[in-house]
Every structure is written in C-alpha cells, then in structure tokens.
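Structure first, commentary second.
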Amino acid sequence: MNDKIIVTFPDDSKKEFPRGITPQEIVNQMGGRLKKEALAARTNGELIDLTRPLTGDTRLSFISFDDPEGSKIYRHSSSHIMAQAVQRLFGDAKLGIGPSIENGFYYDFDVSESFSPEDLEKIEEEMKKIIKENLPVERKELSREEALDLFRKKGEDYKLELIEELPEDEIISLYQQGEFLDLCAGPHVPSTGKIKTVKLLSLAGAYWRGDERNPMLQRIYGTSFTKQSLLQEYLDRLEEAKKRDHRKLGRELDLYSMHEEAPGFPFFHPKGMIIREELLKFWRQEHRKAGYQEIQTPIILERKLWEQSGHWEHYKENMYFTKIDDADFAVKPMNCPGAMLVYNTRMHSYREFPLRLAELGLVHRHELSGTLHGLLRVRNFTQDDAHIFMLPSQVKEEVKKVIDLIDHFYKVFGFTYHVELSTKPEKAMGSGELWEIATSALREVLEENEIPFKVNEGDGAFYGPKIDFILEDCLGRNWQCGTAQLDFQMPEKFDLSYIGEDGQRHRPVIIHRVVYGAIERFFALLIEHFGGAFPLWLAPVQVIFLPIADRHFEYARKKAAQLEEQGFRVEIDERNEKVGYKIREAQVQKIPYMLIVGDKEMENSLVAVRKRGEGDIGPQPLEALMETLINERDEKSIY
RNA sequence: GCCGACGUAGCUCAAUGGAAGAGCAGCUGACUUGUAAUCAGCAGGUUGCGGGUUCGAAUCCCAUCGUCGGCUCCA
C-alpha cells in the first residue's frame with residue numbers, strides 16, 4: 001500500500017502528503033490566517049475534526065467561523081464547555097441535548113434544583129476557566145455495548161435513551177475534553193481554547209424531547225463569538241430589535257392595548273383601527289379582482305354543528321362554550337362550518353366553480369396562557385378566510401392562484417417569507433389514501449412552480465394538509481401567516497354536492513385559505529417590519545401641519561382642508577409650543593410628512609416640507625406636494 | 001398548561017424591613033415661538049389582588065391574577 005495520499009484543495013491544486021496526516025498538520029504547514037481560523041475540515045463533502053487522520057486521496061477544505069457550518073461547530077463546542085462547567089459546579093446534573101442553534105447554543109440539564117440567574121454567572125465564569133485550560137477535544141469511537149455501559153455507569157439516563165434509538169450500524173462517537181465526556185456526532189473544535197468569548201443569555205424549562213409527558217429539564221441558552229466586538233455587536237443588534245417590538249410600539253403609537261381583564265383579547269385604538277381598515281380595504285379590492293365573493297357567518301353556532309364538522313372531537317380543548325335556552329352552543333374557532341351551511345342553501349353547478357366564498361371571520365380559540373404573546377398570539381382574531389369549492393381537477397390551478405395572491409400581498413408590504421408543507425397529524429380525520437392524494441397535490445404545485453419549501457411532518461390541520469407562509473418578527477421568531485389547506489373531509493361531513501356535466505351529483509373539493517392569516521398577527525408583524533414607520537397609505541396620521549405661531553393657524557387649516565378633500569388623514573398641531581418641540585413629537589410619532597407654516601410660507605402661499613427619514617426638503621406649493629403624496633399613497637410606495 | 005423571572009403614578013424607572021420618590025406624559029399659567037424637548041407651578045399611589053410573619057412590609061412567606069422568556073432547532 002502506498003504511504004502517500006493526494007489532497008486536492010478548493011482551488012483544484014493538488015499536493016502529496018504522508019498517509020495519516022491530519023488536517024491540522026496540513027493547515028499548520030500552510031500558515032497564514034487559516035492556520036489560526038480553521039475549526040474543522042471538509043473531506044469529500046464530510047465534516048471532520050482537524051485531528052482526524054486522512055487515510056486516502058481526498059478533496060480538502062477548511063471550515064472557519066465565517067462559514068455557516070463553522071459557526072455551528074463553534075457554538076456546538078461552546079455548548080459542551082457549558083455542560084462541562086455545569087457538571088463541575090453541579091455534580092448531580094444529568095445531560096440532555098446541547099445543539100447549536102441560530103446565533104448560539106443551548107444545553108438541557110436535569111438538576112435537582114433549578115438554576116438561578118446567579119448560577120448562570122458562576123457557570124459562565126467556570127466556562128472561561130475551561131477555555132483558559134485549553135483542553136484538547138478528542139474523538140473516541142465505541143461499540144454500542146461499550147457506549148451503553150459507559151453512560152449507564154455515569155447515570156446518564158437521557159444519553160442511554162439516545163444511544164438505544166441510534167440505528168444498529170451507526171458508529172457511536174464520543175467527545176472528551178478533560179474530565180468531561182459526551183455522546184456526540186461532532187465535529188468539534190480541536191481544543192477548548194479555540195472559543196474566544198461566551199455569554200449565557202437565558203434560562204428556561206424545556207420538556208425532554210419537546211414532549212409535555214416527559215420530565216421538564218432546565219435549558220440554558222448562550223452564544224459565543226470569535227471576538228468580543230462581534231458579541232457586543234450581536235447584543236446591540238438584539239437591543240435594537242427590541243425597539244421594534246410591536247408591544248412597545250403599539251403602546252407608544254397608541255395603536256392597541258391589552259388588559260388584565262381580557263387576557264389574549266386585544267383592544268384596538270382609533271389609530272390602530274385606521275391601519276386595520278386600510279388593510280381590509282386593500283384586501284377587499286384585491287379579492288374582488290381575484291374572483292372572490294364575501295359572506296359573513298355567526299360567531300356562535302350550535303353544538304351539533306361542531307359535532308358534525310369534527311371540531312367537537314378534534315378541537316374541543318381550544319373552544320369556548322355557552323348555553324342559550326338550555327341548548328349547547330360554541331363560539332367558533334374556525335369559519336368553515338358556517339361557510340358549509342351557506343354553500344348548502346342551494347344547488348350548485350360545476351359551471352360556478354371554482355366558487356370562492358371569503359369571510360373576514362372573528363374566531364375565538366382557547367390558547368394556553370403561557371403561549372399568549374402581544375398581538376402575535378391572541379385568543380380572538382379575525383381571519384381573512386375563504387373557502388373555495390371546486391372540481392378535483394381544478395385543485396392544482398386554484399392552489400397556484402392562492403399562492404400567487406399571497407405572494408402579491410406580501411410583496412406590497414416588502415415582506416420576505418418562507419414556505420412550509422405540513423403533512424398528516426396524529427389526530428387526523430379521513431383515510432390515509434385521501435391524505436396522500438391531497439399532500440402530493442400540494443407538493444406538486446410547489447415543485448412545479450419551483451417554490452422552495454420545508455416539510456413539517458405531522459403538522460397539518462386535522463382535516464387536511466397545508467402550505468404555510470411564514471414571516472419573522474423583530475427577533476427572528478417564525479409566525480405562520482398565510483396558509484392554503486386542502487380539505488376532502490368537510491364536503492363529506494356536510495354532504496356537499498354539485499351537479500356535474502353528466503347531470504349527476506358529485507362531491508366538490510375545498511381549499512381553506514387565508515392571506516394575512518390573522519389581521520392581528522399580520523398587523524403586529526407589520527409594526528415590527530416597519531419599526532412603526534408605516535408607508536403613507538397605512539400611516540394613521542399621514543400629514544401634520546406645524547404652525548409656528550397663532551397667526552398661522554388659519555392658513556394651516558385652509559391648507560389642511562385641501563388635503564382632506566383628497567382623502568388624506570391630516571392633523572394640525574395647534575399647541576402652544578415651539579416648532580422644535582412639535583417636530584420632535586411628530587418625529588417620535590413617525591408621521592410621514594410635516595408641513596411647517598409661518599410668515600414666509602403664508603406670504604408666498606407655500607408649505608415647508610419635512611419628510612420622515614429625510615428631514616427638511618424645502619418649501620413648495622401644496623398643489624405640487626399633493627401630486628407626490630397622491631402618487632405615493634396610491635402606489636403604496638415603501639421607502 | 002409546564003419551568004423560570006418580573007409586577008411601584010399613564011410611560012420609563014428609584015426606594016431591600018423604618019416617612020413611597022424622580023424624569024417624561026397630564027393639568028394651569030407665562031412666553032408667540034423657524035426644523036428633534038421654553039420656563040414656572042399643580043396634581044397624580046390601598047406598591048396587581050387576597051392572606052400571613054413583624055412593633056413596623058413595596059421589601060420576607062403563602063396563595064392568586066397578569067406580563068415576559070422558553071418549552072420547534074435532535075448525540
């Protein structure tokens with residue numbers, strides 16, 4: 001056997017090395033920045049430790065923190081250091097899992113007493129010691145039996161459970177640094193000293209494997225970076241993001257409020273209502289264009305209807321109930337049963353299809369108290385719902401239209417989103433075969449239109465699979481907004497039919513879909529997306545006049561009336577304050593246009609324009625400005 | 001729902017077992033103001049709610065309500 005191997009680098013250059021050389025040795029010879037920055041290596045596509053010997057010809061590249069895989073490895077190694085620190089300080093702590101996550105890492109521990117914030121500081125200190133000790137991180141491979149034996153002796157019950165579930169033929173690897181040993185696939189950084197700066201951020205309970213039937217472990221979240229300045233930058237970014245929080249801006253801009261007397265049930269203030277109404281006006285306009293008709297169904301419907309729809313069986317825990325004249329009623333958590341009743345009021349022909357019945361329906365759902373979150377997760381909300389009744393042959397085309405409609409809406413607001421396909425859940429209605437047909441129909445539409453998507457196994461609605469449109473809040477948390485759900489169940493349950501070309505009765509198919517999702521949630525994301533600085537068409541106050549002194553009030557009122565005639569929302573700040581004060585106030589309220597009027601403007605019949613985000617843009621006649629404003633508003637411009 | 005933290009004036013926060021306070025906002029008055037905060041005065045509280053310990057509780061304990069973070073990221 002040849003004792004040389006050929007290594008090919010990313011630039012396609014090749015070099016010969018002795019067999020068994022490690023990537024670390026190679027990068028040491030290369031020197032330069034990479035020598036310091038390399039964390040792991042990639043050989044023929046596989047990520048390995050720098051200390052793993054190379055046994056054959058291979059392509060080789062080095063991974064540093066700036067690579068997406070690099071920061072993951074870095075954070076994963078950081079989580080091991082945290083676990084080591086925890087075990088040093090709390091001998092009885094059993095290990096759960098400790099992966100890297102976006103922007104950081106966590107580790108779950110089973111400890112007799114939960115951690116306190118002070119414990120976090122101690123753990124962080126211990127981590128710094130471990131880093132300073134610069135312990136080499138070594139990989140070991142064991143047989144299944146050896147691994148089980150080892151973790152049984154250590155009393156690591158959770159690790160045992162994990163090993164037992166690994167496939168029979170899987171190589172079981174462990175990583176050791178000093179006295180600390182953990183089950184881990186790797187790769188890891190070569191030594192603990194590679195980690196330059198760590199920060200523990202928060203503490204939380206987390207069920208073992210995310211299942212509430214399992215014990216609750218203590219989870220510590222943290223992050224790490226290669227430089228203190230990068231960490232500081234990240235922390236500053238978090239602080240900045242919090243300023244966009246819709247709960248903060250919602251109060252500051254007087255848009256909505258929440259009250260102890262109504263947990264999860266939002267109150268909309270006049271300025272919030274203006275935005276809501278603008279969203280709905282736009283929605284009605286676009287839906288008319290797209291061939292939808294609007295209906296409205298009651299909020300309270302009788303129990304037997306919910307039994308018929310399957311909600312009684314599948315959704316009862318989330319529903320509110322009431323009694324009327326001794327009969328049981330439920331407050332609707334979804335709009336579908338009402339729409340089914342409307343459909344069944346007369347005969348339908350295939351010629352009407354697709355029949356698109358839209359409803360801005362107020363639904364109530366009993367969400368767990370711990371999940372409530374501002375306007376993003378509430379207990380009552382308005383869905384911009386629609387049920388589309390159609391022939392099975394129309395499904396794919398119609399799903400495509402829904403996707404296009406949602407895309408059109410999100411583009412108007414400048415949202416970026418991602419798409420997820422959710423499949424059959426445990427608690428599902430209907431045959432597996434129907435689910436299969438429905439799921440692959442959705443999948444095909446996405447694939448044929450080259451829309452990238454992630455699959456969420458088991459996350460579908462109880463009546464059908466769905467395509468979800470996900471937006472992010474100010475802290476990057478995901479929220480489902482738009483959705484298109486295929487339903488073969490409701491038509492059965494409600495015995496829906498249409499008369500086909502052949503003169504016979506047939507079963508239609510339904511798409512449930514929402515575009516905004518919930519007006520409340522979408523509104524919250526809009527607030528965060530724009531940081532409260534809404535585009536002109538949405539701004540509660542679009543233009544504010546700032547007269548310099550009393551003698552300019554009359555002129556301001558005259559000019560304001562001209563704008564109001566064109567449908568603008570205008571205010572005049574007639575308070576007895578200096579113009580600087582009025583400007584500051586209007587700026588804080590994020591009003592798009594301030595028009596300052598004093599002697600100079602009155603004389604020449606002008607307004608001095610101060611534009612949000614740009615500042616003073618000089619005086620001009622109101623008529624000229626009006627044209628710009630009308631254009632900006634009607635085009636729904638974003639700047 | 002579960003784990004943890006938090007709850008003081010409309011808002012942001014101080015007072016850590018010994019007299020409940022500040023800034024902003026609000027109200028009143030003066031100033032008639034030129035591109036991000038004019039000055040002065042006034043008012044604002046059963047410290048979330050209920051119980052307990054104590055001579056004395058915003059502070060300590062129990063209970064309850066609400067809020068915040070997490071419970072999805074798989075060794």
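Letters for chains follow the order of the structure tokens (A, B, ...), residue numbers begin at 1 for each chain, and ligand numbers begin at 1 in the order shown.
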Please identify all polymer residues within 6 Å of segment 29-38 of chain B, counting only C-alpha atoms (C1' of nucleotides), omitting same-chain residues fewer than 6 positions from it, and present them as a tab-separated table (two decimals) with N, CA, C and O atoms, in the first residue's frame.
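Output file out-v7.tsv is given in full below:
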```
chain	number	residue	atom	x	y	z
A	549	ALA	N	-46.81	80.07	14.87
A	549	ALA	CA	-47.48	80.88	15.91
A	549	ALA	C	-48.98	80.94	15.64
A	549	ALA	O	-49.44	80.49	14.59
A	578	LYS	N	-42.99	75.52	20.90
A	578	LYS	CA	-42.02	75.91	19.87
A	578	LYS	C	-42.05	74.88	18.74
A	578	LYS	O	-42.38	73.71	18.96
A	581	TYR	N	-40.21	71.58	19.31
A	581	TYR	CA	-40.94	70.62	20.14
A	581	TYR	C	-41.95	69.84	19.32
A	581	TYR	O	-42.07	68.62	19.42
A	584	ARG	N	-40.23	67.34	17.06
A	584	ARG	CA	-39.79	66.16	17.81
A	584	ARG	C	-40.95	65.19	18.04
A	584	ARG	O	-40.85	64.00	17.82
```
For this session: Restrict the distance test to only C-alpha atoms (C1' of nucleotides), flag each residue of chain A within 7 Å of chain B, and return the flagged residues as a ChimeraX atom specification.
Result: /A:97,101,162,183-185,203-207,210,260,368,548-550,577-581,583-584,616
Exercise. Quick one: DSSP strand (DSSP E) residues in segment 189-319 of chain A, as JSON, numbers by chain?
Worked result: {"A": [197, 198, 199, 200, 201, 202, 203, 204, 205, 206, 207, 216, 217, 218, 219, 220, 221, 222, 223, 224, 225, 256, 257, 267, 268, 293, 294, 300, 301, 302]}
Exercise. Which neighbours of Glu603 of chain A fall inside 12 Å, counting only C-alpha atoms (C1' of nucleotides), when residues of the same chain fewer than 5 positions from it are skipped, and could you give them as a ChimeraX atom specification?
Worked result: /A:552,555,597-598,621
Problem set entry | 12 Å contact set for Gln84 of chain A, only C-alpha atoms (C1' of nucleotides), chain neighbours under 6 positions out, as a list in words |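 Counting only the stated atoms, we get Ser77, Ser78, Phe90, Gly91, Ala93, Lys94, Leu95, Gly98, Tyr107, Phe109, Ile123, Glu124, Glu126, Met127, Lys128, Lys129, Ile130, Ile131, Leu135, Tyr175, Gln176, Gln177, Gly178, Glu179, Phe180, Leu181, Asp182 and Thr192 of chain A.
The interatomic distance for the pair atom CA of Trp435 of chain A and atom CA of Gly464 of chain A works out to 6.7 Å.
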For this session: Compile the contact shell of Val514 of chain A as a PyMOL selection string: residues with an atom at most 7 Å away, counting only C-alpha atoms (C1' of nucleotides), same-chain residues fewer than 4 positions apart removed.
Result: chain A and resi 383-386+482-484
Problem set entry | Every residue of segment 337-551 of chain A that DSSP places in alpha helix (DSSP H), as a PyMOL selection string | chain A and resi 337-343+395-413+432-448+489-493+519-530
Keeping only C-alpha atoms, take the residues you just selected and write them out as a PDB file, in the first residue's frame.
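Below is the file that was written, out22.pdb:
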```pdb
ATOM      1  CA  PRO A 337     -68.878  25.149   9.273  1.00  0.00           C
ATOM      2  CA  GLY A 338     -70.653  28.445   8.687  1.00  0.00           C
ATOM      3  CA  ALA A 339     -69.408  28.538   5.118  1.00  0.00           C
ATOM      4  CA  MET A 340     -70.625  24.947   4.612  1.00  0.00           C
ATOM      5  CA  LEU A 341     -74.126  25.986   5.688  1.00  0.00           C
ATOM      6  CA  VAL A 342     -74.086  28.868   3.223  1.00  0.00           C
ATOM      7  CA  TYR A 343     -72.974  26.531   0.446  1.00  0.00           C
ATOM      8  CA  VAL A 395     -57.213  21.892  -7.332  1.00  0.00           C
ATOM      9  CA  LYS A 396     -53.720  22.487  -8.605  1.00  0.00           C
ATOM     10  CA  GLU A 397     -54.544  25.542 -10.655  1.00  0.00           C
ATOM     11  CA  GLU A 398     -56.519  27.043  -7.792  1.00  0.00           C
ATOM     12  CA  VAL A 399     -53.772  26.370  -5.229  1.00  0.00           C
ATOM     13  CA  LYS A 400     -51.383  28.112  -7.584  1.00  0.00           C
ATOM     14  CA  LYS A 401     -53.686  31.135  -7.713  1.00  0.00           C
ATOM     15  CA  VAL A 402     -53.829  31.277  -3.924  1.00  0.00           C
ATOM     16  CA  ILE A 403     -50.035  31.112  -3.718  1.00  0.00           C
ATOM     17  CA  ASP A 404     -49.758  33.922  -6.260  1.00  0.00           C
ATOM     18  CA  LEU A 405     -52.289  36.032  -4.378  1.00  0.00           C
ATOM     19  CA  ILE A 406     -50.404  35.622  -1.094  1.00  0.00           C
ATOM     20  CA  ASP A 407     -47.123  36.428  -2.814  1.00  0.00           C
ATOM     21  CA  HIS A 408     -48.670  39.538  -4.346  1.00  0.00           C
ATOM     22  CA  PHE A 409     -49.863  40.763  -0.936  1.00  0.00           C
ATOM     23  CA  TYR A 410     -46.572  40.127   0.861  1.00  0.00           C
ATOM     24  CA  LYS A 411     -44.628  41.907  -1.883  1.00  0.00           C
ATOM     25  CA  VAL A 412     -46.733  45.036  -1.410  1.00  0.00           C
ATOM     26  CA  PHE A 413     -45.530  45.204   2.196  1.00  0.00           C
ATOM     27  CA  GLY A 432     -54.541   7.759   4.658  1.00  0.00           C
ATOM     28  CA  GLU A 433     -55.114   7.430   0.941  1.00  0.00           C
ATOM     29  CA  LEU A 434     -57.021  10.711   0.650  1.00  0.00           C
ATOM     30  CA  TRP A 435     -54.319  12.392   2.707  1.00  0.00           C
ATOM     31  CA  GLU A 436     -51.707  11.039   0.337  1.00  0.00           C
ATOM     32  CA  ILE A 437     -53.543  12.406  -2.720  1.00  0.00           C
ATOM     33  CA  ALA A 438     -54.073  15.800  -1.085  1.00  0.00           C
ATOM     34  CA  THR A 439     -50.499  16.068   0.155  1.00  0.00           C
ATOM     35  CA  SER A 440     -48.929  15.194  -3.144  1.00  0.00           C
ATOM     36  CA  ALA A 441     -51.199  17.682  -4.939  1.00  0.00           C
ATOM     37  CA  LEU A 442     -49.819  20.457  -2.742  1.00  0.00           C
ATOM     38  CA  ARG A 443     -46.279  19.191  -3.103  1.00  0.00           C
ATOM     39  CA  GLU A 444     -46.575  19.092  -6.880  1.00  0.00           C
ATOM     40  CA  VAL A 445     -47.809  22.659  -7.097  1.00  0.00           C
ATOM     41  CA  LEU A 446     -44.815  23.841  -5.073  1.00  0.00           C
ATOM     42  CA  GLU A 447     -42.369  21.763  -7.075  1.00  0.00           C
ATOM     43  CA  GLU A 448     -43.814  22.681 -10.474  1.00  0.00           C
ATOM     44  CA  GLN A 489     -63.325  15.933   4.792  1.00  0.00           C
ATOM     45  CA  MET A 490     -65.784  18.827   5.214  1.00  0.00           C
ATOM     46  CA  PRO A 491     -67.530  18.041   1.920  1.00  0.00           C
ATOM     47  CA  GLU A 492     -68.229  14.539   3.276  1.00  0.00           C
ATOM     48  CA  LYS A 493     -69.259  15.689   6.715  1.00  0.00           C
ATOM     49  CA  ILE A 519     -55.328  40.517  10.888  1.00  0.00           C
ATOM     50  CA  GLU A 520     -53.956  40.925  14.429  1.00  0.00           C
ATOM     51  CA  ARG A 521     -50.847  38.857  13.811  1.00  0.00           C
ATOM     52  CA  PHE A 522     -50.193  40.406  10.439  1.00  0.00           C
ATOM     53  CA  PHE A 523     -50.619  43.855  11.951  1.00  0.00           C
ATOM     54  CA  ALA A 524     -48.078  43.037  14.667  1.00  0.00           C
ATOM     55  CA  LEU A 525     -45.567  41.862  12.080  1.00  0.00           C
ATOM     56  CA  LEU A 526     -46.205  44.993  10.015  1.00  0.00           C
ATOM     57  CA  ILE A 527     -45.448  47.182  13.033  1.00  0.00           C
ATOM     58  CA  GLU A 528     -42.163  45.343  13.588  1.00  0.00           C
ATOM     59  CA  HIS A 529     -41.307  45.200   9.889  1.00  0.00           C
ATOM     60  CA  PHE A 530     -41.632  48.970   9.501  1.00  0.00           C
TER      61      PHE A 530
END
```
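Coordinates place atom C1' of G41 of chain B at a distance of 16.9 Å from atom C1' of G23 of chain B.
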Quick one: everything within 12 Å of G51 of chain B, counting only C-alpha atoms (C1' of nucleotides), minus sequence neighbours fewer than 2 positions away in the same chain. Send it as a PDB file with all heavy atoms, in the first residue's frame.
```pdb
ATOM      1  P     C B  49     -53.044  46.097  44.573  1.00  0.00           P
ATOM      2  OP1   C B  49     -53.785  47.325  44.925  1.00  0.00           O
ATOM      3  OP2   C B  49     -51.829  45.722  45.312  1.00  0.00           O
ATOM      4  O5'   C B  49     -54.061  44.867  44.632  1.00  0.00           O
ATOM      5  C5'   C B  49     -55.357  44.946  44.052  1.00  0.00           C
ATOM      6  C4'   C B  49     -56.050  43.611  44.177  1.00  0.00           C
ATOM      7  O4'   C B  49     -55.343  42.626  43.386  1.00  0.00           O
ATOM      8  C3'   C B  49     -56.033  43.015  45.584  1.00  0.00           C
ATOM      9  O3'   C B  49     -57.038  43.548  46.408  1.00  0.00           O
ATOM     10  C2'   C B  49     -56.250  41.534  45.287  1.00  0.00           C
ATOM     11  O2'   C B  49     -57.592  41.256  44.939  1.00  0.00           O
ATOM     12  C1'   C B  49     -55.381  41.374  44.046  1.00  0.00           C
ATOM     13  N1    C B  49     -53.996  40.986  44.405  1.00  0.00           N
ATOM     14  C2    C B  49     -53.756  39.661  44.773  1.00  0.00           C
ATOM     15  O2    C B  49     -54.706  38.859  44.784  1.00  0.00           O
ATOM     16  N3    C B  49     -52.499  39.285  45.112  1.00  0.00           N
ATOM     17  C4    C B  49     -51.513  40.179  45.092  1.00  0.00           C
ATOM     18  N4    C B  49     -50.292  39.758  45.429  1.00  0.00           N
ATOM     19  C5    C B  49     -51.725  41.535  44.731  1.00  0.00           C
ATOM     20  C6    C B  49     -52.976  41.894  44.399  1.00  0.00           C
ATOM     21  P     U B  53     -49.924  36.360  61.453  1.00  0.00           P
ATOM     22  OP1   U B  53     -50.189  35.632  62.712  1.00  0.00           O
ATOM     23  OP2   U B  53     -50.457  37.750  61.274  1.00  0.00           O
ATOM     24  O5'   U B  53     -48.352  36.403  61.218  1.00  0.00           O
ATOM     25  C5'   U B  53     -47.568  35.219  61.340  1.00  0.00           C
ATOM     26  C4'   U B  53     -46.122  35.522  61.067  1.00  0.00           C
ATOM     27  O4'   U B  53     -45.968  35.939  59.679  1.00  0.00           O
ATOM     28  C3'   U B  53     -45.565  36.698  61.859  1.00  0.00           C
ATOM     29  O3'   U B  53     -45.183  36.318  63.173  1.00  0.00           O
ATOM     30  C2'   U B  53     -44.374  37.117  61.002  1.00  0.00           C
ATOM     31  O2'   U B  53     -43.268  36.246  61.189  1.00  0.00           O
ATOM     32  C1'   U B  53     -44.934  36.908  59.594  1.00  0.00           C
ATOM     33  N1    U B  53     -45.513  38.153  59.037  1.00  0.00           N
ATOM     34  C2    U B  53     -44.632  39.085  58.491  1.00  0.00           C
ATOM     35  O2    U B  53     -43.427  38.903  58.459  1.00  0.00           O
ATOM     36  N3    U B  53     -45.214  40.215  57.992  1.00  0.00           N
ATOM     37  C4    U B  53     -46.550  40.522  57.980  1.00  0.00           C
ATOM     38  O4    U B  53     -46.930  41.584  57.491  1.00  0.00           O
ATOM     39  C5    U B  53     -47.405  39.515  58.555  1.00  0.00           C
ATOM     40  C6    U B  53     -46.862  38.407  59.052  1.00  0.00           C
ATOM     41  P     C B  61     -39.675  35.451  50.162  1.00  0.00           P
ATOM     42  OP1   C B  61     -38.802  34.439  49.514  1.00  0.00           O
ATOM     43  OP2   C B  61     -40.437  36.405  49.329  1.00  0.00           O
ATOM     44  O5'   C B  61     -40.718  34.698  51.104  1.00  0.00           O
ATOM     45  C5'   C B  61     -40.327  33.637  51.941  1.00  0.00           C
ATOM     46  C4'   C B  61     -41.552  33.065  52.606  1.00  0.00           C
ATOM     47  O4'   C B  61     -42.175  34.098  53.423  1.00  0.00           O
ATOM     48  C3'   C B  61     -42.661  32.658  51.641  1.00  0.00           C
ATOM     49  O3'   C B  61     -42.452  31.363  51.103  1.00  0.00           O
ATOM     50  C2'   C B  61     -43.900  32.726  52.533  1.00  0.00           C
ATOM     51  O2'   C B  61     -44.004  31.599  53.375  1.00  0.00           O
ATOM     52  C1'   C B  61     -43.588  33.950  53.388  1.00  0.00           C
ATOM     53  N1    C B  61     -44.179  35.195  52.836  1.00  0.00           N
ATOM     54  C2    C B  61     -45.544  35.411  53.014  1.00  0.00           C
ATOM     55  O2    C B  61     -46.216  34.570  53.618  1.00  0.00           O
ATOM     56  N3    C B  61     -46.110  36.549  52.528  1.00  0.00           N
ATOM     57  C4    C B  61     -45.361  37.439  51.884  1.00  0.00           C
ATOM     58  N4    C B  61     -45.960  38.544  51.424  1.00  0.00           N
ATOM     59  C5    C B  61     -43.962  37.237  51.672  1.00  0.00           C
ATOM     60  C6    C B  61     -43.422  36.109  52.160  1.00  0.00           C
ATOM     61  P     C B  62     -43.045  31.018  49.644  1.00  0.00           P
ATOM     62  OP1   C B  62     -42.483  29.709  49.267  1.00  0.00           O
ATOM     63  OP2   C B  62     -42.878  32.187  48.746  1.00  0.00           O
ATOM     64  O5'   C B  62     -44.607  30.845  49.935  1.00  0.00           O
ATOM     65  C5'   C B  62     -45.077  29.797  50.758  1.00  0.00           C
ATOM     66  C4'   C B  62     -46.568  29.900  50.896  1.00  0.00           C
ATOM     67  O4'   C B  62     -46.910  31.145  51.573  1.00  0.00           O
ATOM     68  C3'   C B  62     -47.338  29.993  49.584  1.00  0.00           C
ATOM     69  O3'   C B  62     -47.532  28.729  48.981  1.00  0.00           O
ATOM     70  C2'   C B  62     -48.650  30.620  50.044  1.00  0.00           C
ATOM     71  O2'   C B  62     -49.492  29.674  50.661  1.00  0.00           O
ATOM     72  C1'   C B  62     -48.159  31.616  51.090  1.00  0.00           C
ATOM     73  N1    C B  62     -47.983  32.981  50.537  1.00  0.00           N
ATOM     74  C2    C B  62     -49.124  33.786  50.384  1.00  0.00           C
ATOM     75  O2    C B  62     -50.230  33.328  50.702  1.00  0.00           O
ATOM     76  N3    C B  62     -48.988  35.039  49.873  1.00  0.00           N
ATOM     77  C4    C B  62     -47.787  35.494  49.538  1.00  0.00           C
ATOM     78  N4    C B  62     -47.711  36.733  49.047  1.00  0.00           N
ATOM     79  C5    C B  62     -46.607  34.693  49.673  1.00  0.00           C
ATOM     80  C6    C B  62     -46.749  33.455  50.174  1.00  0.00           C
ATOM     81  P     A B  63     -47.729  28.642  47.392  1.00  0.00           P
ATOM     82  OP1   A B  63     -47.813  27.207  47.076  1.00  0.00           O
ATOM     83  OP2   A B  63     -46.710  29.476  46.722  1.00  0.00           O
ATOM     84  O5'   A B  63     -49.157  29.311  47.162  1.00  0.00           O
ATOM     85  C5'   A B  63     -50.348  28.619  47.542  1.00  0.00           C
ATOM     86  C4'   A B  63     -51.535  29.525  47.409  1.00  0.00           C
ATOM     87  O4'   A B  63     -51.285  30.739  48.168  1.00  0.00           O
ATOM     88  C3'   A B  63     -51.814  30.024  46.002  1.00  0.00           C
ATOM     89  O3'   A B  63     -52.531  29.088  45.225  1.00  0.00           O
ATOM     90  C2'   A B  63     -52.627  31.282  46.280  1.00  0.00           C
ATOM     91  O2'   A B  63     -53.961  30.984  46.637  1.00  0.00           O
ATOM     92  C1'   A B  63     -51.905  31.836  47.520  1.00  0.00           C
ATOM     93  N9    A B  63     -50.858  32.813  47.142  1.00  0.00           N
ATOM     94  C8    A B  63     -49.496  32.658  47.113  1.00  0.00           C
ATOM     95  N7    A B  63     -48.848  33.726  46.733  1.00  0.00           N
ATOM     96  C5    A B  63     -49.853  34.642  46.491  1.00  0.00           C
ATOM     97  C6    A B  63     -49.826  35.980  46.060  1.00  0.00           C
ATOM     98  N6    A B  63     -48.714  36.649  45.790  1.00  0.00           N
ATOM     99  N1    A B  63     -51.011  36.620  45.913  1.00  0.00           N
ATOM    100  C2    A B  63     -52.136  35.951  46.179  1.00  0.00           C
ATOM    101  N3    A B  63     -52.293  34.690  46.598  1.00  0.00           N
ATOM    102  C4    A B  63     -51.100  34.094  46.739  1.00  0.00           C
ATOM    103  P     U B  64     -52.317  29.052  43.630  1.00  0.00           P
ATOM    104  OP1   U B  64     -53.062  27.874  43.145  1.00  0.00           O
ATOM    105  OP2   U B  64     -50.866  29.190  43.347  1.00  0.00           O
ATOM    106  O5'   U B  64     -53.052  30.374  43.127  1.00  0.00           O
ATOM    107  C5'   U B  64     -54.474  30.494  43.240  1.00  0.00           C
ATOM    108  C4'   U B  64     -54.890  31.909  42.936  1.00  0.00           C
ATOM    109  O4'   U B  64     -54.200  32.818  43.832  1.00  0.00           O
ATOM    110  C3'   U B  64     -54.497  32.424  41.551  1.00  0.00           C
ATOM    111  O3'   U B  64     -55.392  32.006  40.538  1.00  0.00           O
ATOM    112  C2'   U B  64     -54.542  33.931  41.767  1.00  0.00           C
ATOM    113  O2'   U B  64     -55.866  34.418  41.796  1.00  0.00           O
ATOM    114  C1'   U B  64     -53.943  34.043  43.171  1.00  0.00           C
ATOM    115  N1    U B  64     -52.480  34.285  43.133  1.00  0.00           N
ATOM    116  C2    U B  64     -52.059  35.577  42.884  1.00  0.00           C
ATOM    117  O2    U B  64     -52.841  36.495  42.702  1.00  0.00           O
ATOM    118  N3    U B  64     -50.706  35.747  42.851  1.00  0.00           N
ATOM    119  C4    U B  64     -49.743  34.786  43.034  1.00  0.00           C
ATOM    120  O4    U B  64     -48.552  35.098  42.976  1.00  0.00           O
ATOM    121  C5    U B  64     -50.249  33.468  43.279  1.00  0.00           C
ATOM    122  C6    U B  64     -51.579  33.268  43.319  1.00  0.00           C
TER     123        U B  64
END
```
Problem set entry | Test item: residues at most 10 Å from Lys454 of chain A, only C-alpha atoms (C1' of nucleotides), excluding those fewer than 2 positions along its chain, as a VMD selection string | chain A and resid 418 to 422 452 456 to 457 467 to 468
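Put simply, atom CA of Gly310 of chain A is 13.5 Å away from atom CA of Asp495 of chain A.
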Problem set entry | From A:Arg610, A:Arg19, A:Lys582, A:Arg477, residue lying nearest Asp245 of chain A [only C-alpha atoms] |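 Looking only at the distances to Asp245 of chain A, the closest residue turns out to be A:Arg477.
With only C-alpha atoms as the atoms that count, the residue of A:Leu34, A:Met390, A:Met429, A:Ile274 with the shortest distance to Gly460 of chain A is A:Met429.
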